[in-house]
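Chemist: One file is attached below, entry-v1.tsv, containing TSV, C-alpha atoms.
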chain	number	residue	atom	x	y	z
A	533	MET	CA	-21.63	11.06	3.18
A	534	LEU	CA	-22.86	10.16	6.69
A	535	ILE	CA	-25.54	7.79	5.36
A	536	SER	CA	-22.96	6.23	3.06
A	537	LEU	CA	-20.60	5.58	5.98
A	538	ILE	CA	-23.43	4.03	7.99
A	539	ALA	CA	-24.30	1.72	5.09
A	540	ILE	CA	-20.67	0.74	4.61
A	541	PHE	CA	-19.89	-0.14	8.21
A	542	VAL	CA	-23.20	-1.86	8.95
A	543	SER	CA	-22.72	-4.02	5.84
A	544	VAL	CA	-19.07	-4.71	6.66
A	545	ALA	CA	-19.91	-5.65	10.26
A	546	ALA	CA	-22.68	-8.05	9.20
A	547	LEU	CA	-20.69	-9.77	6.43
A	548	SER	CA	-17.52	-9.89	8.54
A	549	SER	CA	-19.38	-11.90	11.18
A	550	VAL	CA	-20.41	-14.42	8.52
A	551	ALA	CA	-16.92	-14.48	7.00
A	552	LEU	CA	-15.27	-15.27	10.33
A	553	PHE	CA	-17.56	-18.26	10.85
A	554	PHE	CA	-16.28	-19.64	7.54
A	555	ARG	CA	-12.66	-18.55	8.19
A	556	GLN	CA	-12.57	-16.08	5.30
A	557	PRO	CA	-10.19	-13.06	5.21
A	558	LEU	CA	-11.89	-9.82	6.23
A	559	ILE	CA	-10.13	-7.79	3.55
A	560	LEU	CA	-12.17	-9.68	0.96
A	561	VAL	CA	-15.34	-8.60	2.76
A	562	TYR	CA	-14.34	-4.95	2.46
A	563	ILE	CA	-13.78	-5.30	-1.30
A	564	LEU	CA	-17.00	-7.29	-1.78
A	565	VAL	CA	-19.11	-4.71	0.07
A	566	GLY	CA	-17.57	-1.97	-2.10
A	567	ALA	CA	-18.39	-3.89	-5.28
A	568	CYS	CA	-22.00	-4.48	-4.16
A	569	LEU	CA	-22.78	-0.99	-2.83
A	570	GLY	CA	-20.80	0.90	-5.48
A	571	PRO	CA	-22.20	2.78	-8.50
A	572	TYR	CA	-21.85	-0.18	-10.87
A	573	ALA	CA	-23.97	-2.62	-8.82
A	574	LEU	CA	-26.63	-1.51	-6.34
A	575	GLY	CA	-25.62	2.11	-6.76
A	576	TYR	CA	-26.06	2.94	-3.06
A	577	ILE	CA	-22.72	4.75	-3.02
A	578	GLY	CA	-22.82	7.14	-5.95
A	579	ASP	CA	-19.29	8.54	-5.87
A	580	PRO	CA	-16.65	6.10	-4.57
A	581	LYS	CA	-13.95	8.69	-5.27
A	582	ASP	CA	-14.92	10.57	-2.10
A	583	ILE	CA	-14.74	7.36	-0.08
A	584	GLY	CA	-11.41	6.53	-1.71
A	585	GLU	CA	-9.95	9.88	-0.71
A	586	ILE	CA	-11.03	9.32	2.89
A	587	GLY	CA	-9.68	5.78	2.75
A	588	GLU	CA	-6.30	7.04	1.58
A	589	ILE	CA	-5.83	8.48	5.07
A	590	GLY	CA	-5.54	4.87	6.22
A	591	VAL	CA	-2.68	4.33	3.77
A	592	ILE	CA	-1.02	7.49	5.09
A	593	PHE	CA	-1.29	6.30	8.70
A	594	LEU	CA	-0.06	2.85	7.75
A	595	LEU	CA	3.12	4.21	6.15
A	596	PHE	CA	3.58	6.64	9.03
A	597	ILE	CA	3.49	3.72	11.49
A	598	VAL	CA	5.92	1.73	9.32
A	599	GLY	CA	8.28	4.71	9.37
A	600	LEU	CA	8.08	4.87	13.17
A	601	ASP	CA	9.79	1.48	13.33
A	602	LEU	CA	12.62	2.41	10.96
A	603	PRO	CA	15.21	4.86	12.32
A	604	PRO	CA	17.33	6.36	9.50
A	605	LYS	CA	20.31	4.04	10.03
A	606	LYS	CA	18.13	0.93	10.01
A	607	LEU	CA	16.21	2.26	6.99
A	608	PHE	CA	19.29	2.69	4.80
A	609	THR	CA	20.69	-0.68	5.87
A	610	THR	CA	17.41	-2.38	5.01
A	611	LEU	CA	17.14	-0.69	1.61
A	612	ALA	CA	20.71	-1.54	0.70
A	613	SER	CA	20.23	-5.23	1.53
A	614	VAL	CA	17.28	-5.65	-0.87
A	615	SER	CA	18.24	-3.26	-3.68
A	616	ILE	CA	19.25	-5.92	-6.23
A	617	VAL	CA	16.17	-8.08	-5.59
A	618	ALA	CA	13.84	-5.05	-5.74
A	619	LEU	CA	15.31	-3.70	-8.98
A	620	ALA	CA	15.48	-7.09	-10.73
A	621	SER	CA	11.95	-8.13	-9.72
A	622	SER	CA	10.47	-4.77	-10.74
A	623	ALA	CA	12.13	-5.05	-14.16
A	624	ILE	CA	10.76	-8.59	-14.66
A	625	PHE	CA	7.21	-7.64	-13.68
A	626	PHE	CA	7.37	-4.55	-15.92
A	627	VAL	CA	8.28	-6.77	-18.88
A	628	ILE	CA	5.41	-9.15	-18.01
A	629	GLY	CA	2.92	-6.29	-17.95
A	630	ILE	CA	4.12	-4.55	-21.07
A	631	THR	CA	4.26	-7.86	-22.98
A	632	THR	CA	0.68	-8.64	-21.93
A	633	GLY	CA	-0.41	-5.23	-23.14
A	634	TYR	CA	1.31	-5.80	-26.48
A	635	ILE	CA	-0.42	-9.18	-26.90
A	636	LEU	CA	-3.76	-7.54	-26.11
A	637	GLU	CA	-3.01	-4.90	-28.80
A	638	LEU	CA	-3.16	-1.98	-26.40
A	639	THR	CA	-1.67	1.38	-27.30
A	640	PRO	CA	2.02	1.96	-26.41
A	641	PHE	CA	1.01	4.26	-23.53
A	642	GLU	CA	-1.45	1.68	-22.19
A	643	CYS	CA	1.23	-1.02	-22.41
A	644	VAL	CA	3.60	1.11	-20.35
A	645	ILE	CA	0.91	1.80	-17.73
A	646	LEU	CA	0.12	-1.92	-17.54
A	647	GLY	CA	3.82	-2.66	-17.10
A	648	ILE	CA	4.23	-0.08	-14.36
A	649	GLY	CA	1.09	-1.31	-12.61
A	650	CYS	CA	2.46	-4.86	-12.46
A	651	MET	CA	5.80	-3.84	-10.90
A	652	PHE	CA	4.75	-3.32	-7.31
A	653	SER	CA	3.32	-5.31	-4.40
A	654	SER	CA	0.74	-3.95	-1.98
A	655	THR	CA	2.24	-2.13	0.99
A	656	VAL	CA	-1.20	-1.90	2.62
A	657	LEU	CA	-2.03	-5.61	2.33
A	658	SER	CA	1.46	-6.98	3.02
A	659	ILE	CA	1.97	-5.00	6.21
A	660	LYS	CA	-1.64	-5.50	7.30
A	661	LEU	CA	-1.05	-9.28	7.16
A	662	LEU	CA	2.25	-9.11	9.04
A	663	PRO	CA	1.90	-9.74	12.79
A	664	THR	CA	3.48	-7.12	15.03
A	665	THR	CA	6.09	-9.61	16.23
A	666	VAL	CA	7.17	-10.26	12.65
A	667	LEU	CA	7.09	-6.59	11.76
A	668	HIS	CA	9.31	-5.56	14.64
A	669	HIS	CA	11.58	-8.50	15.37
A	670	ARG	CA	11.86	-11.07	12.63
A	671	TYR	CA	14.12	-11.06	9.61
A	672	THR	CA	11.24	-12.00	7.31
A	673	GLY	CA	9.43	-8.80	8.26
A	674	GLN	CA	12.55	-6.75	7.56
A	675	LEU	CA	12.89	-8.25	4.09
A	676	VAL	CA	9.22	-7.64	3.27
A	677	ILE	CA	9.35	-4.04	4.48
A	678	GLY	CA	12.67	-3.38	2.74
A	679	LEU	CA	11.38	-4.65	-0.60
A	680	LEU	CA	8.14	-2.69	-0.23
A	681	LEU	CA	10.00	0.51	0.62
A	682	PHE	CA	12.35	0.12	-2.34
A	683	GLN	CA	9.33	-0.51	-4.56
A	684	ASP	CA	7.73	2.63	-3.14
A	685	VAL	CA	10.78	4.62	-4.22
A	686	ILE	CA	10.51	3.14	-7.73
A	687	ALA	CA	6.78	3.90	-7.68
A	688	ILE	CA	7.51	7.54	-6.89
A	689	LEU	CA	9.82	7.64	-9.92
A	690	ALA	CA	7.05	6.11	-12.01
A	691	LEU	CA	4.61	8.73	-10.77
A	692	ILE	CA	7.10	11.44	-11.67
A	693	TYR	CA	7.20	9.96	-15.18
A	694	LEU	CA	3.43	10.24	-15.34
A	695	TYR	CA	3.49	13.79	-14.04
A	696	VAL	CA	5.90	14.59	-16.87
A	697	SER	CA	3.79	12.80	-19.49
A	698	ILE	CA	0.47	14.09	-18.12
A	699	PRO	CA	0.84	17.62	-16.69
A	700	GLN	CA	-0.64	17.95	-13.22
A	701	GLU	CA	-1.87	21.13	-11.55
A	702	GLU	CA	-1.19	20.16	-7.94
A	703	ALA	CA	2.62	20.24	-7.90
A	704	ILE	CA	4.18	23.66	-7.30
A	705	VAL	CA	7.70	22.79	-8.53
A	706	PRO	CA	8.94	21.53	-11.91
A	707	TRP	CA	9.29	17.76	-12.21
A	708	TYR	CA	13.08	17.89	-12.62
A	709	MET	CA	13.44	19.38	-9.13
A	710	THR	CA	11.29	16.72	-7.48
A	711	LEU	CA	13.96	14.10	-6.84
A	712	GLY	CA	16.29	16.64	-5.29
A	713	LEU	CA	13.56	17.60	-2.84
A	714	VAL	CA	13.45	14.16	-1.20
A	715	PRO	CA	16.58	14.68	0.98
A	716	VAL	CA	15.50	18.27	1.66
A	717	LEU	CA	12.11	17.11	2.94
A	718	PHE	CA	13.76	14.36	4.98
A	719	ILE	CA	16.20	16.79	6.66
A	720	ALA	CA	13.44	19.34	7.32
A	721	ALA	CA	11.24	16.65	8.87
A	722	PHE	CA	14.09	15.36	11.02
A	723	LEU	CA	14.91	18.87	12.32
A	724	GLY	CA	11.23	19.64	12.92
A	725	SER	CA	10.70	16.45	14.91
A	726	LYS	CA	13.88	16.95	16.95
A	727	TYR	CA	13.53	20.63	17.84
A	728	VAL	CA	9.76	21.19	17.77
A	729	LEU	CA	7.70	18.02	17.95
A	730	TRP	CA	9.68	15.93	20.43
A	731	PRO	CA	10.09	18.77	23.01
A	732	LEU	CA	6.30	19.32	22.88
A	733	LEU	CA	5.60	15.60	23.27
A	734	ARG	CA	7.97	15.33	26.20
A	735	LYS	CA	6.53	18.37	27.99
A	736	PHE	CA	2.83	17.52	27.54
A	737	ASP	CA	2.88	13.72	27.34
A	738	VAL	CA	0.31	13.41	30.15
A	739	TYR	CA	-2.35	14.90	27.86
A	740	THR	CA	-3.15	11.91	25.67
A	741	ASP	CA	-5.62	13.75	23.43
A	742	PHE	CA	-3.06	16.47	22.76
A	743	VAL	CA	-0.37	13.91	21.90
A	744	VAL	CA	-2.64	12.16	19.41
A	745	LEU	CA	-3.71	15.43	17.78
A	746	LEU	CA	-0.13	16.70	17.61
A	747	VAL	CA	1.12	13.51	15.97
A	748	LEU	CA	-1.79	13.43	13.51
A	749	GLY	CA	-1.14	17.05	12.59
A	750	TRP	CA	2.57	16.32	12.12
A	751	CYS	CA	1.95	13.31	9.89
A	752	LEU	CA	-0.60	15.12	7.71
A	753	LEU	CA	1.52	18.29	7.54
A	754	VAL	CA	4.58	16.49	6.15
A	755	ALA	CA	2.37	14.39	3.85
A	756	GLY	CA	0.65	17.54	2.56
A	757	VAL	CA	3.93	19.34	1.90
A	758	SER	CA	5.23	16.23	0.12
A	759	TYR	CA	2.10	16.13	-2.04
A	760	LYS	CA	2.45	19.78	-3.04
A	761	LEU	CA	6.07	19.17	-4.00
A	762	GLY	CA	5.01	16.34	-6.29
A	763	LEU	CA	6.38	13.54	-4.08
A	764	GLY	CA	3.03	12.06	-3.06
A	765	LEU	CA	1.20	11.78	0.25
A	766	GLU	CA	2.52	8.28	0.93
A	767	LEU	CA	6.22	9.19	0.79
A	768	GLY	CA	5.65	12.24	3.00
A	769	ALA	CA	3.81	10.16	5.60
A	770	PHE	CA	6.62	7.62	5.64
A	771	ILE	CA	9.28	10.35	6.02
A	772	SER	CA	7.34	11.93	8.91
A	773	GLY	CA	7.36	8.55	10.69
A	774	VAL	CA	11.07	7.92	10.09
A	775	ALA	CA	11.83	11.39	11.47
A	776	LEU	CA	10.15	10.37	14.75
A	777	ALA	CA	11.55	6.84	14.85
A	778	ASN	CA	14.46	7.68	17.15
A	779	THR	CA	12.20	9.07	19.88
A	780	PRO	CA	11.27	6.90	22.88
A	781	ALA	CA	7.57	7.51	22.19
A	782	ALA	CA	7.59	5.96	18.69
A	783	GLN	CA	5.99	2.62	19.61
A	784	SER	CA	3.42	4.25	21.90
A	785	ILE	CA	2.40	6.58	19.06
A	786	ALA	CA	2.02	3.61	16.70
A	787	GLN	CA	-0.30	1.83	19.13
A	788	ASN	CA	-2.45	4.93	19.62
A	789	LEU	CA	-2.95	5.30	15.87
A	790	ALA	CA	-3.70	1.63	15.15
A	791	ILE	CA	-7.49	1.95	15.54
A	792	LEU	CA	-7.69	5.04	13.34
A	793	ARG	CA	-5.54	3.31	10.72
A	794	ASP	CA	-7.82	0.27	10.60
A	795	PHE	CA	-10.95	2.43	10.35
A	796	PHE	CA	-9.69	4.23	7.26
A	797	LEU	CA	-8.21	1.10	5.68
A	798	VAL	CA	-11.70	-0.41	5.62
A	799	LEU	CA	-12.76	2.55	3.47
A	800	PHE	CA	-9.68	2.16	1.27
A	801	PHE	CA	-10.45	-1.45	0.40
A	802	PHE	CA	-14.14	-0.55	-0.01
A	803	SER	CA	-13.19	2.06	-2.62
A	804	VAL	CA	-11.16	-0.58	-4.50
A	805	GLY	CA	-14.27	-2.76	-4.84
A	806	ALA	CA	-16.51	0.21	-5.64
A	807	GLY	CA	-14.38	1.08	-8.65
A	808	ILE	CA	-15.23	-2.14	-10.50
A	809	ASP	CA	-17.61	-1.72	-13.45
A	810	PHE	CA	-18.87	-5.28	-13.88
A	811	GLN	CA	-20.12	-4.72	-17.42
A	812	VAL	CA	-16.72	-3.52	-18.67
A	813	ALA	CA	-14.84	-6.07	-16.57
A	814	TRP	CA	-16.88	-8.91	-18.09
A	815	GLN	CA	-15.93	-7.77	-21.59
A	816	VAL	CA	-12.23	-8.20	-20.76
A	817	ILE	CA	-12.57	-11.08	-18.31
A	818	ILE	CA	-10.19	-13.34	-20.26
A	819	PRO	CA	-7.31	-10.79	-20.31
A	820	ILE	CA	-7.94	-10.09	-16.61
A	821	LEU	CA	-7.78	-13.79	-15.74
A	822	VAL	CA	-4.69	-14.38	-17.88
A	823	LEU	CA	-2.74	-11.41	-16.47
A	824	SER	CA	-3.82	-12.26	-12.90
A	825	ALA	CA	-2.81	-15.91	-13.29
A	826	VAL	CA	0.59	-14.96	-14.70
A	827	LEU	CA	1.28	-12.53	-11.85
A	828	ILE	CA	-0.04	-14.89	-9.15
A	829	VAL	CA	2.42	-17.54	-10.33
A	830	ALA	CA	5.29	-15.26	-11.34
A	831	LYS	CA	5.55	-13.01	-8.28
A	832	PRO	CA	6.22	-15.70	-5.65
A	833	VAL	CA	8.50	-17.58	-8.05
A	834	VAL	CA	10.52	-14.49	-9.02
A	835	PHE	CA	10.96	-13.32	-5.42
A	836	TYR	CA	11.85	-16.85	-4.33
A	837	GLY	CA	14.46	-17.24	-7.07
A	838	LEU	CA	16.06	-13.82	-6.54
A	839	LEU	CA	16.20	-14.22	-2.75
A	840	ARG	CA	17.73	-17.69	-3.11
A	841	LEU	CA	20.41	-16.18	-5.36
A	842	GLN	CA	21.04	-13.76	-2.50
A	843	LYS	CA	21.63	-16.79	-0.21
A	844	GLU	CA	18.39	-16.47	1.76
A	845	SER	CA	16.88	-19.69	3.14
A	846	ARG	CA	14.20	-21.60	1.24
A	847	GLN	CA	11.60	-21.02	3.95
A	848	ILE	CA	12.15	-17.26	4.16
A	849	SER	CA	12.34	-16.87	0.37
A	850	LYS	CA	9.07	-18.76	-0.08
A	851	GLU	CA	7.22	-16.80	2.62
A	852	VAL	CA	8.40	-13.41	1.33
A	853	GLY	CA	7.33	-14.41	-2.19
A	854	PHE	CA	3.82	-15.32	-1.05
A	855	ARG	CA	3.46	-12.18	1.06
A	856	LEU	CA	4.43	-10.00	-1.94
A	857	GLY	CA	2.44	-11.97	-4.52
A	858	GLN	CA	-0.08	-9.28	-5.51
A	859	CYS	CA	-0.39	-5.93	-7.28
A	860	SER	CA	-0.29	-2.67	-5.38
A	861	GLU	CA	-2.40	0.29	-4.35
A	862	PHE	CA	0.15	2.29	-6.34
A	863	SER	CA	-1.32	0.57	-9.41
A	864	LEU	CA	-4.65	2.19	-8.53
A	865	LEU	CA	-3.01	5.59	-8.10
A	866	ILE	CA	-1.30	5.19	-11.48
A	867	LEU	CA	-4.65	4.28	-13.04
A	868	PHE	CA	-6.28	7.33	-11.47
A	869	ILE	CA	-3.68	9.62	-13.06
A	870	ALA	CA	-3.59	7.92	-16.47
A	871	GLN	CA	-7.17	6.73	-17.00
A	872	ALA	CA	-8.22	9.81	-18.97
A	873	TYR	CA	-5.77	8.67	-21.66
A	874	MET	CA	-6.73	4.98	-21.55
A	875	SER	CA	-9.72	2.98	-22.75
A	876	ALA	CA	-12.14	1.61	-20.15
A	877	GLU	CA	-11.16	-1.92	-21.21
A	878	ALA	CA	-7.43	-1.32	-20.66
A	879	THR	CA	-8.15	0.32	-17.31
A	880	HIS	CA	-10.18	-2.66	-16.12
A	881	VAL	CA	-7.54	-5.18	-17.19
A	882	LEU	CA	-5.18	-3.67	-14.63
A	883	LEU	CA	-7.91	-2.94	-12.07
A	884	GLY	CA	-9.18	-6.51	-12.32
A	885	ALA	CA	-5.67	-7.89	-11.95
A	886	VAL	CA	-5.13	-5.76	-8.83
A	887	VAL	CA	-8.32	-7.02	-7.21
A	888	LEU	CA	-7.84	-10.69	-8.15
A	889	THR	CA	-4.19	-10.83	-7.11
A	890	ILE	CA	-5.05	-9.20	-3.78
A	891	ILE	CA	-7.80	-11.78	-3.19
A	892	VAL	CA	-5.70	-14.82	-4.11
A	893	SER	CA	-2.62	-13.53	-2.28
A	894	THR	CA	-4.68	-12.92	0.86
A	895	TYR	CA	-5.85	-16.53	0.82
A	896	GLY	CA	-2.31	-17.71	0.24
A	897	VAL	CA	-1.05	-15.87	3.32
A	898	VAL	CA	-3.86	-16.32	5.86
A	899	PHE	CA	-4.02	-20.09	5.31
A	900	GLN	CA	-0.24	-20.67	5.48
A	901	TYR	CA	1.55	-18.07	7.58
A	902	LYS	CA	1.26	-16.23	10.86
A	903	SER	CA	-0.96	-13.19	10.56
A	904	PRO	CA	-3.38	-11.05	12.60
A	905	MET	CA	-6.09	-12.22	10.15
A	906	ALA	CA	-5.03	-15.88	9.84
A	907	ALA	CA	-7.72	-18.48	9.13
A	908	PHE	CA	-6.58	-20.79	11.94
A	909	ASP	CA	-6.00	-20.06	15.61
A	910	ARG	CA	-2.52	-21.61	15.55
A	911	LEU	CA	-1.44	-19.04	12.92
A	912	ARG	CA	-3.18	-15.99	14.37
A	913	VAL	CA	-0.61	-13.63	15.88
A	914	ASP	CA	-1.10	-9.89	16.45
Would it be possible to restate this file's structure as structure tokens?
Modeler:
Amino acid sequence: MLISLIAIFVSVAALSSVALFFRQPLILVYILVGACLGPYALGYIGDPKDIGEIGEIGVIFLLFIVGLDLPPKKLFTTLASVSIVALASSAIFFVIGITTGYILELTPFECVILGIGCMFSSTVLSIKLLPTTVLHHRYTGQLVIGLLLFQDVIAILALIYLYVSIPQEEAIVPWYMTLGLVPVLFIAAFLGSKYVLWPLLRKFDVYTDFVVLLVLGWCLLVAGVSYKLGLGLELGAFISGVALANTPAAQSIAQNLAILRDFFLVLFFFSVGAGIDFQVAWQVIIPILVLSAVLIVAKPVVFYGLLRLQKESRQISKEVGFRLGQCSEFSLLILFIAQAYMSAEATHVLLGAVVLTIIVSTYGVVFQYKSPMAAFDRLRVD
């Protein structure tokens, strides 16, 4: 594992230097390095699953930091304001995916998985490309986060469907109790942060290493409990952040975790690239290109149209559509759960669409809008 990490970060550092000279997005470098070093190309990294599991910690920290900026009152207000757009867009993208699967003559189960995989936009990429000023202060950032959070809730429901269809060993409660456990976990996290975590932070705040360790332990504890209850690591991490959002130390905690988050997110995107089997992908390259093209066009257009119907401005509607114009890491999680019951070709149609939409969407954002990874200095804002 140590040699693998050395190879990954040396390669990423070298190629990132070249990419910056040519104003290319660094996220693409992470995916490219994964594809080249993974088991289906050079074979230097034999088991990308281990890297992917480490990289998922970055997703956990990312959602924890998002939660830190959303106190409960603000969270519910944000979700309510985007509910119609989130539900309508998810339904449209589901129909696009399931129709594509039907045209490709996939099995009914594969069609459903393809439809579910097309429903969501990438929380990791969208928030990674939002500058801090947008994330914390601008209305555009609130819309993007609200839509992503609502999609995450729908994604959890989709995962519950899969847990019902494909029995899992990890969950310790029946599936029908899972939804009822969400408010229970939220209340428990809120009480724990108020009466245990925050008093400790306030008393020992001068010990920076202790504060970081305490917060990391808190985030991973709630995420782990959530996972065991069948709710997923991501939702638990987000709830642990929301529970701390009312504390004065929320923004300081977010800044302290930023470097750790970025370290693990490199591994996450690497694992996405490492999962590509080029031989299988080439066999279904036409379906991959067709589905990717449809989603790349449809997602910005659908979000733009729905937001305009909700009386949002043209500029905001267009920017939100471009920022959400890709498939999601939840698509990869869905594939991981369902792939034993799918053909390799069907799996790579969705995997290829995820990778291609992420690549094209990244270009669309970094060359047009303000971002920490923007291609031009005038757009680069952190």
Chemist: Let me know the centre plus edge lengths, in Å and rounded to one decimal, of a box with edges along x, y and z that contains all listed atoms of range 654-658 of chain A and is padded by 5 Å on every side, as AutoDock Vina command-line options.
Modeler:
--center_x 0.1 --center_y -4.4 --center_z 0.5 --size_x 14.3 --size_y 15.1 --size_z 15.0
Chemist: Could you check how far CA of Phe736 in chain A sits from CA of Ala781 in chain A, in Å to one decimal?
Modeler: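 Going from CA of Phe736 in chain A over to CA of Ala781 in chain A covers 12.3 Å.
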Chemist: Env of range 635-639 of chain A: 12 Å cut, atoms = only C-alpha atoms, seq-sep filter 3 positions within chain, self excluded. Answer as a list in words.
Modeler: Ile628, Gly629, Ile630, Thr631, Thr632, Glu642, Cys643, Val644, Ile645, Leu646, Gly647, Val816, Ile818, Pro819, Ile820, Val822, Leu823, Tyr873, Met874, Ser875, Ala876, Glu877, Ala878, Thr879 and Val881 of chain A
Chemist: Include C-alpha atoms and write out the residues we just selected as an mmCIF file, keeping the file's coordinate frame.
Modeler:
data_model
loop_
_atom_site.group_PDB
_atom_site.id
_atom_site.type_symbol
_atom_site.label_atom_id
_atom_site.label_comp_id
_atom_site.auth_asym_id
_atom_site.auth_seq_id
_atom_site.Cartn_x
_atom_site.Cartn_y
_atom_site.Cartn_z
ATOM 1 C CA ILE A 628 5.410 -9.150 -18.010
ATOM 2 C CA GLY A 629 2.920 -6.290 -17.950
ATOM 3 C CA ILE A 630 4.120 -4.550 -21.070
ATOM 4 C CA THR A 631 4.260 -7.860 -22.980
ATOM 5 C CA THR A 632 0.680 -8.640 -21.930
ATOM 6 C CA GLU A 642 -1.450 1.680 -22.190
ATOM 7 C CA CYS A 643 1.230 -1.020 -22.410
ATOM 8 C CA VAL A 644 3.600 1.110 -20.350
ATOM 9 C CA ILE A 645 0.910 1.800 -17.730
ATOM 10 C CA LEU A 646 0.120 -1.920 -17.540
ATOM 11 C CA GLY A 647 3.820 -2.660 -17.100
ATOM 12 C CA VAL A 816 -12.230 -8.200 -20.760
ATOM 13 C CA ILE A 818 -10.190 -13.340 -20.260
ATOM 14 C CA PRO A 819 -7.310 -10.790 -20.310
ATOM 15 C CA ILE A 820 -7.940 -10.090 -16.610
ATOM 16 C CA VAL A 822 -4.690 -14.380 -17.880
ATOM 17 C CA LEU A 823 -2.740 -11.410 -16.470
ATOM 18 C CA TYR A 873 -5.770 8.670 -21.660
ATOM 19 C CA MET A 874 -6.730 4.980 -21.550
ATOM 20 C CA SER A 875 -9.720 2.980 -22.750
ATOM 21 C CA ALA A 876 -12.140 1.610 -20.150
ATOM 22 C CA GLU A 877 -11.160 -1.920 -21.210
ATOM 23 C CA ALA A 878 -7.430 -1.320 -20.660
ATOM 24 C CA THR A 879 -8.150 0.320 -17.310
ATOM 25 C CA VAL A 881 -7.540 -5.180 -17.190
#
Chemist: Considering all atoms listed in the file, state which residue in the set A:Gly678, A:Gly857, A:Gly599, A:Pro731 is at the smallest distance from Glu766 in chain A.
Modeler: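 Answer, going by the shortest atom-to-atom distance: A:Gly599.
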Chemist: Point out the residue among A:Val565, A:Val591, A:Ala782, A:Leu560 with the least atom-to-atom distance to Phe800 in chain A, counting all atoms listed in the file.
Modeler: A:Val591
Chemist: For range 839-846 of chain A, please output as an MDAnalysis selection string all residues within 12 Å (counting only C-alpha atoms; exclusion window: fewer than 3 positions along the same chain).
Modeler: chainID A and resid 613:618 620:621 671:672 675:676 679 832:836 849:853
Chemist: Next, dump the selected residues to file, keeping only C-alpha atoms, as an mmCIF file, keeping the file's coordinate frame.
Modeler:
data_model
loop_
_atom_site.group_PDB
_atom_site.id
_atom_site.type_symbol
_atom_site.label_atom_id
_atom_site.label_comp_id
_atom_site.auth_asym_id
_atom_site.auth_seq_id
_atom_site.Cartn_x
_atom_site.Cartn_y
_atom_site.Cartn_z
ATOM 1 C CA SER A 613 20.230 -5.230 1.530
ATOM 2 C CA VAL A 614 17.280 -5.650 -0.870
ATOM 3 C CA SER A 615 18.240 -3.260 -3.680
ATOM 4 C CA ILE A 616 19.250 -5.920 -6.230
ATOM 5 C CA VAL A 617 16.170 -8.080 -5.590
ATOM 6 C CA ALA A 618 13.840 -5.050 -5.740
ATOM 7 C CA ALA A 620 15.480 -7.090 -10.730
ATOM 8 C CA SER A 621 11.950 -8.130 -9.720
ATOM 9 C CA TYR A 671 14.120 -11.060 9.610
ATOM 10 C CA THR A 672 11.240 -12.000 7.310
ATOM 11 C CA LEU A 675 12.890 -8.250 4.090
ATOM 12 C CA VAL A 676 9.220 -7.640 3.270
ATOM 13 C CA LEU A 679 11.380 -4.650 -0.600
ATOM 14 C CA PRO A 832 6.220 -15.700 -5.650
ATOM 15 C CA VAL A 833 8.500 -17.580 -8.050
ATOM 16 C CA VAL A 834 10.520 -14.490 -9.020
ATOM 17 C CA PHE A 835 10.960 -13.320 -5.420
ATOM 18 C CA TYR A 836 11.850 -16.850 -4.330
ATOM 19 C CA SER A 849 12.340 -16.870 0.370
ATOM 20 C CA LYS A 850 9.070 -18.760 -0.080
ATOM 21 C CA GLU A 851 7.220 -16.800 2.620
ATOM 22 C CA VAL A 852 8.400 -13.410 1.330
ATOM 23 C CA GLY A 853 7.330 -14.410 -2.190
#
Chemist: Go through A:Pro663, A:Gly773, A:Gly837, A:Gly756 and flag the residue nearest Val598 in chain A, using only C-alpha atoms for the distances.
Modeler: A:Gly773
Chemist: Might you pull out every residue within 10 Å of Thr894 in chain A, with all atoms listed in the file counted and same-chain residues fewer than 3 positions away left off, and present them as a PDB file with C-alpha atoms, in the frame of the given file?
Modeler:
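The file below, result_15.pdb, is the result:
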ATOM      1  CA  GLN A 556     -12.570 -16.080   5.300  1.00  0.00           C
ATOM      2  CA  PRO A 557     -10.190 -13.060   5.210  1.00  0.00           C
ATOM      3  CA  LEU A 558     -11.890  -9.820   6.230  1.00  0.00           C
ATOM      4  CA  ILE A 559     -10.130  -7.790   3.550  1.00  0.00           C
ATOM      5  CA  LEU A 560     -12.170  -9.680   0.960  1.00  0.00           C
ATOM      6  CA  LEU A 657      -2.030  -5.610   2.330  1.00  0.00           C
ATOM      7  CA  SER A 658       1.460  -6.980   3.020  1.00  0.00           C
ATOM      8  CA  LEU A 661      -1.050  -9.280   7.160  1.00  0.00           C
ATOM      9  CA  PHE A 854       3.820 -15.320  -1.050  1.00  0.00           C
ATOM     10  CA  ARG A 855       3.460 -12.180   1.060  1.00  0.00           C
ATOM     11  CA  LEU A 856       4.430 -10.000  -1.940  1.00  0.00           C
ATOM     12  CA  GLY A 857       2.440 -11.970  -4.520  1.00  0.00           C
ATOM     13  CA  GLN A 858      -0.080  -9.280  -5.510  1.00  0.00           C
ATOM     14  CA  LEU A 888      -7.840 -10.690  -8.150  1.00  0.00           C
ATOM     15  CA  THR A 889      -4.190 -10.830  -7.110  1.00  0.00           C
ATOM     16  CA  ILE A 890      -5.050  -9.200  -3.780  1.00  0.00           C
ATOM     17  CA  ILE A 891      -7.800 -11.780  -3.190  1.00  0.00           C
ATOM     18  CA  VAL A 897      -1.050 -15.870   3.320  1.00  0.00           C
ATOM     19  CA  VAL A 898      -3.860 -16.320   5.860  1.00  0.00           C
ATOM     20  CA  PHE A 899      -4.020 -20.090   5.310  1.00  0.00           C
ATOM     21  CA  MET A 905      -6.090 -12.220  10.150  1.00  0.00           C
ATOM     22  CA  ALA A 906      -5.030 -15.880   9.840  1.00  0.00           C
TER      23      ALA A 906
END
Chemist: Any idea what the distance is between CA of Gln900 in chain A and CA of Leu607 in chain A?
Modeler: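 Result for CA of Gln900 in chain A versus CA of Leu607 in chain A: 28.3 Å, one decimal.
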